[in-house]
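**Student:** Data: protein_39.tsv, TSV, C-alpha atoms.
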chain	number	residue	atom	x	y	z
P	1	MET	CA	-2.64	54.92	-140.74
P	2	THR	CA	-3.98	58.24	-141.99
P	3	LEU	CA	-3.47	59.89	-138.63
P	4	ASN	CA	0.04	58.50	-138.32
P	5	LEU	CA	1.00	59.56	-141.83
P	6	LEU	CA	-0.70	62.90	-141.31
P	7	LYS	CA	1.28	63.41	-138.10
P	8	ILE	CA	4.55	62.66	-139.89
P	9	TYR	CA	3.64	65.04	-142.71
P	10	SER	CA	2.58	67.76	-140.26
P	11	ASP	CA	5.87	67.44	-138.37
P	12	PHE	CA	7.77	67.56	-141.64
P	13	ARG	CA	6.08	70.80	-142.66
P	14	ALA	CA	6.36	72.34	-139.20
P	15	ASP	CA	10.11	71.73	-138.95
P	16	PHE	CA	10.91	72.01	-142.67
P	17	LYS	CA	14.31	73.25	-143.75
P	18	ASP	CA	15.12	73.68	-147.41
P	19	SER	CA	18.06	71.31	-147.30
P	20	PRO	CA	18.58	67.78	-148.67
P	21	ASP	CA	20.21	66.72	-145.41
P	22	PHE	CA	17.16	67.75	-143.39
P	23	VAL	CA	14.79	65.83	-145.67
P	24	ILE	CA	16.95	62.69	-145.72
P	25	ASP	CA	17.42	62.75	-141.94
P	26	PHE	CA	13.70	63.30	-141.35
P	27	TYR	CA	12.72	60.53	-143.75
P	28	SER	CA	15.27	58.14	-142.26
P	29	LYS	CA	13.91	58.84	-138.79
P	30	HIS	CA	10.47	57.65	-139.92
P	31	SER	CA	11.65	55.08	-142.46
P	32	LEU	CA	10.53	52.09	-140.39
P	33	PHE	CA	6.93	53.26	-140.68
P	34	ILE	CA	7.03	54.72	-144.20
P	35	ASN	CA	8.97	51.88	-145.82
P	36	ASN	CA	6.50	49.32	-144.49
P	37	ILE	CA	3.49	50.98	-146.09
P	38	ARG	CA	1.88	48.67	-148.63
P	39	THR	CA	-1.66	50.05	-148.84
P	40	LEU	CA	-3.15	53.46	-148.15
P	41	LYS	CA	-6.46	54.08	-146.43
P	42	ASP	CA	-7.83	56.78	-148.69
P	43	LYS	CA	-7.02	59.47	-151.23
P	44	GLU	CA	-5.58	61.90	-148.68
P	45	ASP	CA	-3.36	59.18	-147.25
P	46	LEU	CA	-2.02	58.46	-150.73
P	47	ARG	CA	-1.54	62.14	-151.54
P	48	LEU	CA	0.65	62.62	-148.47
P	49	PHE	CA	2.62	59.48	-149.30
P	50	ILE	CA	3.29	60.70	-152.85
P	51	GLU	CA	4.47	64.13	-151.70
P	52	LEU	CA	6.73	62.73	-148.97
P	53	THR	CA	8.18	60.32	-151.52
P	54	TRP	CA	8.97	63.18	-153.90
P	55	GLN	CA	10.61	65.18	-151.12
P	56	TYR	CA	12.89	62.27	-150.25
P	57	LEU	CA	13.76	61.44	-153.86
P	58	ASN	CA	14.51	65.09	-154.61
P	59	ALA	CA	16.87	65.17	-151.64
P	60	THR	CA	18.74	62.01	-152.64
P	61	TYR	CA	18.98	63.29	-156.22
P	62	LEU	CA	20.45	66.60	-155.07
P	63	LYS	CA	23.01	64.62	-153.05
P	64	ASP	CA	23.98	62.75	-156.25
P	65	ARG	CA	22.72	59.47	-154.83
P	66	PHE	CA	21.31	58.46	-158.20
P	67	ASN	CA	21.07	54.71	-157.61
P	68	ASP	CA	19.18	55.31	-154.36
P	69	THR	CA	16.84	57.68	-156.20
P	70	ILE	CA	16.04	55.11	-158.87
P	71	ASP	CA	15.65	52.18	-156.48
P	72	HIS	CA	13.34	54.08	-154.13
P	73	ALA	CA	11.34	55.49	-157.04
P	74	ASP	CA	10.78	52.00	-158.44
P	75	LYS	CA	9.71	50.66	-155.06
P	76	THR	CA	7.27	53.46	-154.24
P	77	LEU	CA	5.84	53.87	-157.73
P	78	ALA	CA	4.86	50.20	-157.68
P	79	ILE	CA	2.79	50.89	-154.56
P	80	ILE	CA	1.49	54.26	-155.74
P	81	ASP	CA	0.29	52.97	-159.13
P	82	ILE	CA	-1.57	50.07	-157.54
P	83	GLU	CA	-3.21	52.32	-154.96
P	84	ILE	CA	-4.21	54.97	-157.52
P	85	LYS	CA	-6.00	52.27	-159.47
P	86	ARG	CA	-7.52	50.60	-156.39
P	87	LEU	CA	-8.79	53.88	-154.93
P	88	ASP	CA	-9.77	55.19	-158.39
P	89	VAL	CA	-7.97	58.51	-157.89
P	90	THR	CA	-6.23	59.13	-161.20
P	91	ASP	CA	-6.24	62.87	-160.47
P	92	LEU	CA	-3.36	62.15	-158.06
P	93	LYS	CA	-1.19	61.73	-161.11
P	94	ASP	CA	-0.27	65.35	-160.65
P	95	ILE	CA	2.88	67.46	-160.33
P	96	TRP	CA	4.15	65.37	-157.39
P	97	TYR	CA	3.56	62.05	-159.13
P	98	TYR	CA	5.18	63.09	-162.39
P	99	GLY	CA	7.90	64.77	-160.36
P	100	ILE	CA	8.84	61.31	-159.08
P	101	LEU	CA	9.09	60.04	-162.65
P	102	PHE	CA	11.14	63.08	-163.65
P	103	LEU	CA	13.61	62.50	-160.82
P	104	LYS	CA	13.94	58.86	-161.83
P	105	GLY	CA	14.57	59.90	-165.42
P	106	MET	CA	17.19	62.49	-164.45
P	107	ALA	CA	18.92	60.04	-162.11
P	108	SER	CA	19.00	57.42	-164.87
P	109	TYR	CA	20.44	59.99	-167.26
P	110	ASN	CA	23.17	60.97	-164.80
P	111	LEU	CA	24.14	57.29	-164.57
P	112	ARG	CA	24.29	57.31	-168.39
P	113	ASP	CA	21.43	54.82	-168.49
P	114	TYR	CA	19.92	56.53	-171.51
P	115	LYS	CA	18.01	53.40	-172.50
P	116	ASN	CA	15.78	53.77	-169.42
P	117	ALA	CA	15.89	57.56	-169.17
P	118	THR	CA	14.64	58.30	-172.70
P	119	PRO	CA	11.25	56.48	-172.38
P	120	ILE	CA	10.58	58.32	-169.11
P	121	PHE	CA	11.10	61.73	-170.72
P	122	ARG	CA	8.93	60.66	-173.67
P	123	GLN	CA	6.17	59.67	-171.24
P	124	LEU	CA	6.41	63.01	-169.46
P	125	ILE	CA	6.16	64.91	-172.75
P	126	GLN	CA	2.99	62.99	-173.58
P	127	VAL	CA	1.56	64.36	-170.34
P	128	ASP	CA	2.87	67.91	-170.84
P	129	SER	CA	3.88	68.47	-174.46
P	130	LYS	CA	4.78	72.12	-173.89
P	131	ASN	CA	7.23	71.54	-171.05
P	132	GLU	CA	10.56	72.83	-172.39
P	133	SER	CA	12.56	71.17	-169.62
P	134	TYR	CA	11.17	67.74	-170.51
P	135	LYS	CA	11.98	68.36	-174.17
P	136	ARG	CA	15.59	69.32	-173.46
P	137	TRP	CA	16.19	66.35	-171.18
P	138	LEU	CA	14.71	64.08	-173.86
P	139	SER	CA	16.91	65.62	-176.55
P	140	ASN	CA	20.04	65.15	-174.49
P	141	SER	CA	19.10	61.61	-173.46
P	142	THR	CA	18.47	60.74	-177.10
P	143	TYR	CA	21.83	62.31	-177.92
P	144	GLY	CA	23.42	60.08	-175.29
P	145	GLU	CA	21.84	57.01	-176.90
P	146	LYS	CA	23.29	58.06	-180.26
P	147	LEU	CA	26.71	58.99	-178.89
P	148	TRP	CA	28.33	55.78	-180.09
P	149	LEU	CA	27.11	56.51	-183.63
P	150	ILE	CA	28.28	60.13	-183.41
P	151	ASN	CA	31.73	59.06	-182.21
P	152	THR	CA	31.94	56.48	-185.00
P	153	THR	CA	30.99	59.17	-187.53
P	154	ASN	CA	33.70	61.49	-186.18
P	155	ILE	CA	36.32	58.75	-186.45
P	156	VAL	CA	35.32	57.83	-189.99
P	157	CYS	CA	35.23	61.47	-191.12
P	158	GLY	CA	38.59	62.13	-189.46
P	159	LEU	CA	40.10	59.13	-191.23
P	160	ILE	CA	38.68	60.34	-194.56
P	161	ILE	CA	40.30	63.75	-194.10
P	162	LEU	CA	43.60	62.20	-192.96
P	163	ALA	CA	43.61	59.79	-195.91
P	164	SER	CA	42.89	62.60	-198.36
P	165	ILE	CA	45.98	64.41	-197.06
P	166	LEU	CA	48.41	61.50	-196.65
P	167	PHE	CA	47.44	59.68	-199.84
P	168	ARG	CA	46.65	62.74	-201.92
P	169	ASP	CA	48.72	61.58	-204.88
P	170	LEU	CA	47.02	58.18	-204.95
P	171	ILE	CA	43.50	59.60	-205.03
P	172	PRO	CA	42.03	60.59	-208.41
P	173	VAL	CA	41.83	64.37	-208.83
P	174	LEU	CA	38.06	64.33	-209.20
P	175	MET	CA	37.73	62.48	-205.87
P	176	ARG	CA	39.98	64.64	-203.72
P	177	PHE	CA	37.62	67.53	-203.07
P	178	PRO	CA	34.45	65.42	-202.57
P	179	LEU	CA	36.24	63.18	-200.06
P	180	SER	CA	37.60	66.14	-198.09
P	181	ALA	CA	34.22	67.86	-198.23
P	182	ILE	CA	32.45	64.76	-196.91
P	183	GLY	CA	34.90	64.51	-194.01
P	184	VAL	CA	34.66	68.19	-193.08
P	185	LEU	CA	30.88	68.27	-193.45
P	186	GLY	CA	30.49	65.18	-191.26
P	187	LEU	CA	32.71	66.56	-188.49
P	188	THR	CA	31.04	69.98	-188.66
P	189	SER	CA	27.52	68.51	-188.55
P	190	THR	CA	28.19	66.34	-185.50
P	191	TRP	CA	29.96	69.23	-183.72
P	192	VAL	CA	27.08	71.65	-184.36
P	193	TYR	CA	24.50	69.04	-183.28
P	194	GLY	CA	26.44	68.26	-180.09
P	195	TYR	CA	26.92	71.95	-179.27
P	196	TYR	CA	23.23	72.72	-179.72
P	197	ILE	CA	22.11	69.76	-177.58
P	198	LYS	CA	24.58	70.54	-174.78
P	199	LYS	CA	23.68	74.23	-174.76
P	200	SER	CA	19.97	73.46	-174.56
P	201	PHE	CA	20.60	70.89	-171.86
P	202	ARG	CA	22.47	73.37	-169.68
P	203	LYS	CA	19.37	75.58	-169.81
P	204	ALA	CA	17.17	72.64	-168.82
P	205	LYS	CA	19.35	71.76	-165.82
P	206	ASN	CA	19.39	75.37	-164.66
P	207	LYS	CA	15.58	75.41	-164.68
P	208	THR	CA	15.18	72.03	-162.97
Let me see the structure of the file written as C-alpha cells.

**Tutor:**
Amino acid sequence: MTLNLLKIYSDFRADFKDSPDFVIDFYSKHSLFINNIRTLKDKEDLRLFIELTWQYLNATYLKDRFNDTIDHADKTLAIIDIEIKRLDVTDLKDIWYYGILFLKGMASYNLRDYKNATPIFRQLIQVDSKNESYKRWLSNSTYGEKLWLINTTNIVCGLIILASILFRDLIPVLMRFPLSAIGVLGLTSTWVYGYYIKKSFRKAKNKT
C-alpha cells in the first residue's frame, strides 16, 4: 500500500496545479483506492494520507462544498485518529492534521452550525493559543451562537425606546430618562460588539 499511496502522492506533486478543480479531479480519479483505505502500513503511509486528505478538503471548501468537506473530514479523521494511536505516531498531529480540523470548523461555521464549529475552534486554540486566526473564528462562531440573544436584546431595547416615545405622558417623569437610556445603551452595546466581531472576522478570513 505504501508504494501505491506514494505513487499517487508523487504524481500529485509532479502534476500539481494550484487550483481546487485540479485537486478535486485528481482525488476523484484515485478515489476508488483512497476511499477504501482503512489501515495504513506505517508512519510515512499515514503522513501521505493525511496530507492528501487536507488537499482534497481544502479544495472542496474553496468550492463552497461545505457539507462534502464536513462529511469527508469526519470519515477520514475516524481512520486517522485510530491509526495515529495504533502506530503510536502522535507527532503526526501536525499542521496538516489540525488543518483538517480547521477546515471542518470553517465549513460548519459557513453552514451556520455554530454548535459544532465552536468546540473545534476551542480545541485548536488549546493546541495553538497564540493563533490569531483561530481566536477570531472562535469569537465569530461564539457570536453566531449568541445571535438569537443579541437579536432578542435589540428587539426589547427597540420596544423600550418606542414605548418611551409613544407613551411618554403615561410614564412617570423620573422613569423616562432611565428607560430611554437603557434602550439606547442596549442597542449601542450590541451594535459595537457585532461590529468588532465582524471586523475581526474579516481579518481572519483574509488570512485563512

**Student:** Nearest to Tyr98 of chain P among P:Asp45, P:Glu51, P:Asp64, P:Asp169, with distances taken over only C-alpha atoms: which residue is it?

**Tutor:** P:Glu51

**Student:** Need the shell around Asn67 of chain P: protein/DNA/RNA residues with any atom at most 12 Å away, counting all atoms listed in the file. Skip same-chain ones fewer than 5 positions apart. Format as a ChimeraX atom specification?

**Tutor:** /P:57,60-61,72-74,103-113

**Student:** Could those selected residues go to a file with C-alpha atoms, as a tab-separated table (two decimals), in the frame of the given file?

**Tutor:**
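As written to disk, again_8.tsv reads:
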chain	number	residue	atom	x	y	z
P	57	LEU	CA	13.76	61.44	-153.86
P	60	THR	CA	18.74	62.01	-152.64
P	61	TYR	CA	18.98	63.29	-156.22
P	72	HIS	CA	13.34	54.08	-154.13
P	73	ALA	CA	11.34	55.49	-157.04
P	74	ASP	CA	10.78	52.00	-158.44
P	103	LEU	CA	13.61	62.50	-160.82
P	104	LYS	CA	13.94	58.86	-161.83
P	105	GLY	CA	14.57	59.90	-165.42
P	106	MET	CA	17.19	62.49	-164.45
P	107	ALA	CA	18.92	60.04	-162.11
P	108	SER	CA	19.00	57.42	-164.87
P	109	TYR	CA	20.44	59.99	-167.26
P	110	ASN	CA	23.17	60.97	-164.80
P	111	LEU	CA	24.14	57.29	-164.57
P	112	ARG	CA	24.29	57.31	-168.39
P	113	ASP	CA	21.43	54.82	-168.49

**Student:** Could you tell me how far atom CA of Val192 of chain P lies from atom CA of Ile125 of chain P, in Å and to one decimal?

**Tutor:**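 Taking atom CA of Val192 of chain P and atom CA of Ile125 of chain P, their separation equals 24.9 Å.
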
**Student:** Hey, can you check how far atom CA of Leu124 of chain P sits from atom CA of Ser141 of chain P?

**Tutor:**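 Interatomic distance here is 13.4 Å.
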
**Student:** Go through P:Tyr143, P:Tyr134, P:Phe22, P:Phe102 one by one, measure the shortest atom-to-atom distance of each to Lys63 of chain P using only C-alpha atoms, and give the residue with the smallest value.

**Tutor:** P:Phe22

**Student:** Which distance in Å separates atom CA of Ile50 of chain P and atom CA of Arg86 of chain P, to one decimal?

**Tutor:**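 Separating atom CA of Ile50 of chain P from atom CA of Arg86 of chain P is a distance of 15.2 Å.
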
**Student:** Step by step: start from the point (5.8, 60.0, -140.7) in the file's coordinates, keep every protein, DNA or RNA residue that has an atom no farther than 8 Å from it, count all atoms listed in the file, and write the set as an mmCIF file with C-alpha atoms, in the frame of the given file.

**Tutor:**
data_model
loop_
_atom_site.group_PDB
_atom_site.id
_atom_site.type_symbol
_atom_site.label_atom_id
_atom_site.label_comp_id
_atom_site.auth_asym_id
_atom_site.auth_seq_id
_atom_site.Cartn_x
_atom_site.Cartn_y
_atom_site.Cartn_z
ATOM 1 C CA ASN P 4 0.040 58.500 -138.320
ATOM 2 C CA LEU P 5 1.000 59.560 -141.830
ATOM 3 C CA LEU P 6 -0.700 62.900 -141.310
ATOM 4 C CA LYS P 7 1.280 63.410 -138.100
ATOM 5 C CA ILE P 8 4.550 62.660 -139.890
ATOM 6 C CA TYR P 9 3.640 65.040 -142.710
ATOM 7 C CA ASP P 11 5.870 67.440 -138.370
ATOM 8 C CA PHE P 12 7.770 67.560 -141.640
ATOM 9 C CA TYR P 27 12.720 60.530 -143.750
ATOM 10 C CA HIS P 30 10.470 57.650 -139.920
ATOM 11 C CA SER P 31 11.650 55.080 -142.460
ATOM 12 C CA PHE P 33 6.930 53.260 -140.680
ATOM 13 C CA ILE P 34 7.030 54.720 -144.200
#

**Student:** What would the list of residues within 12 Å of (3.0, 52.4, -157.1) (file frame) look like as a PyMOL selection string, if all atoms listed in the file are what count?

**Tutor:** chain P and resi 37-40+46+49-50+53+72-86+92-93+97+100-101

**Student:** Selection from above, C-alpha atoms, as a compact mmCIF listing (two decimals), in the frame of the given file, can you write it?

**Tutor:**
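Once everything was written out, this is part.txt:
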# COMPACT_ATOMS: atom_id res chain seq x y z
CA ILE P 37 3.49 50.98 -146.09
CA ARG P 38 1.88 48.67 -148.63
CA THR P 39 -1.66 50.05 -148.84
CA LEU P 40 -3.15 53.46 -148.15
CA LEU P 46 -2.02 58.46 -150.73
CA PHE P 49 2.62 59.48 -149.30
CA ILE P 50 3.29 60.70 -152.85
CA THR P 53 8.18 60.32 -151.52
CA HIS P 72 13.34 54.08 -154.13
CA ALA P 73 11.34 55.49 -157.04
CA ASP P 74 10.78 52.00 -158.44
CA LYS P 75 9.71 50.66 -155.06
CA THR P 76 7.27 53.46 -154.24
CA LEU P 77 5.84 53.87 -157.73
CA ALA P 78 4.86 50.20 -157.68
CA ILE P 79 2.79 50.89 -154.56
CA ILE P 80 1.49 54.26 -155.74
CA ASP P 81 0.29 52.97 -159.13
CA ILE P 82 -1.57 50.07 -157.54
CA GLU P 83 -3.21 52.32 -154.96
CA ILE P 84 -4.21 54.97 -157.52
CA LYS P 85 -6.00 52.27 -159.47
CA ARG P 86 -7.52 50.60 -156.39
CA LEU P 92 -3.36 62.15 -158.06
CA LYS P 93 -1.19 61.73 -161.11
CA TYR P 97 3.56 62.05 -159.13
CA ILE P 100 8.84 61.31 -159.08
CA LEU P 101 9.09 60.04 -162.65
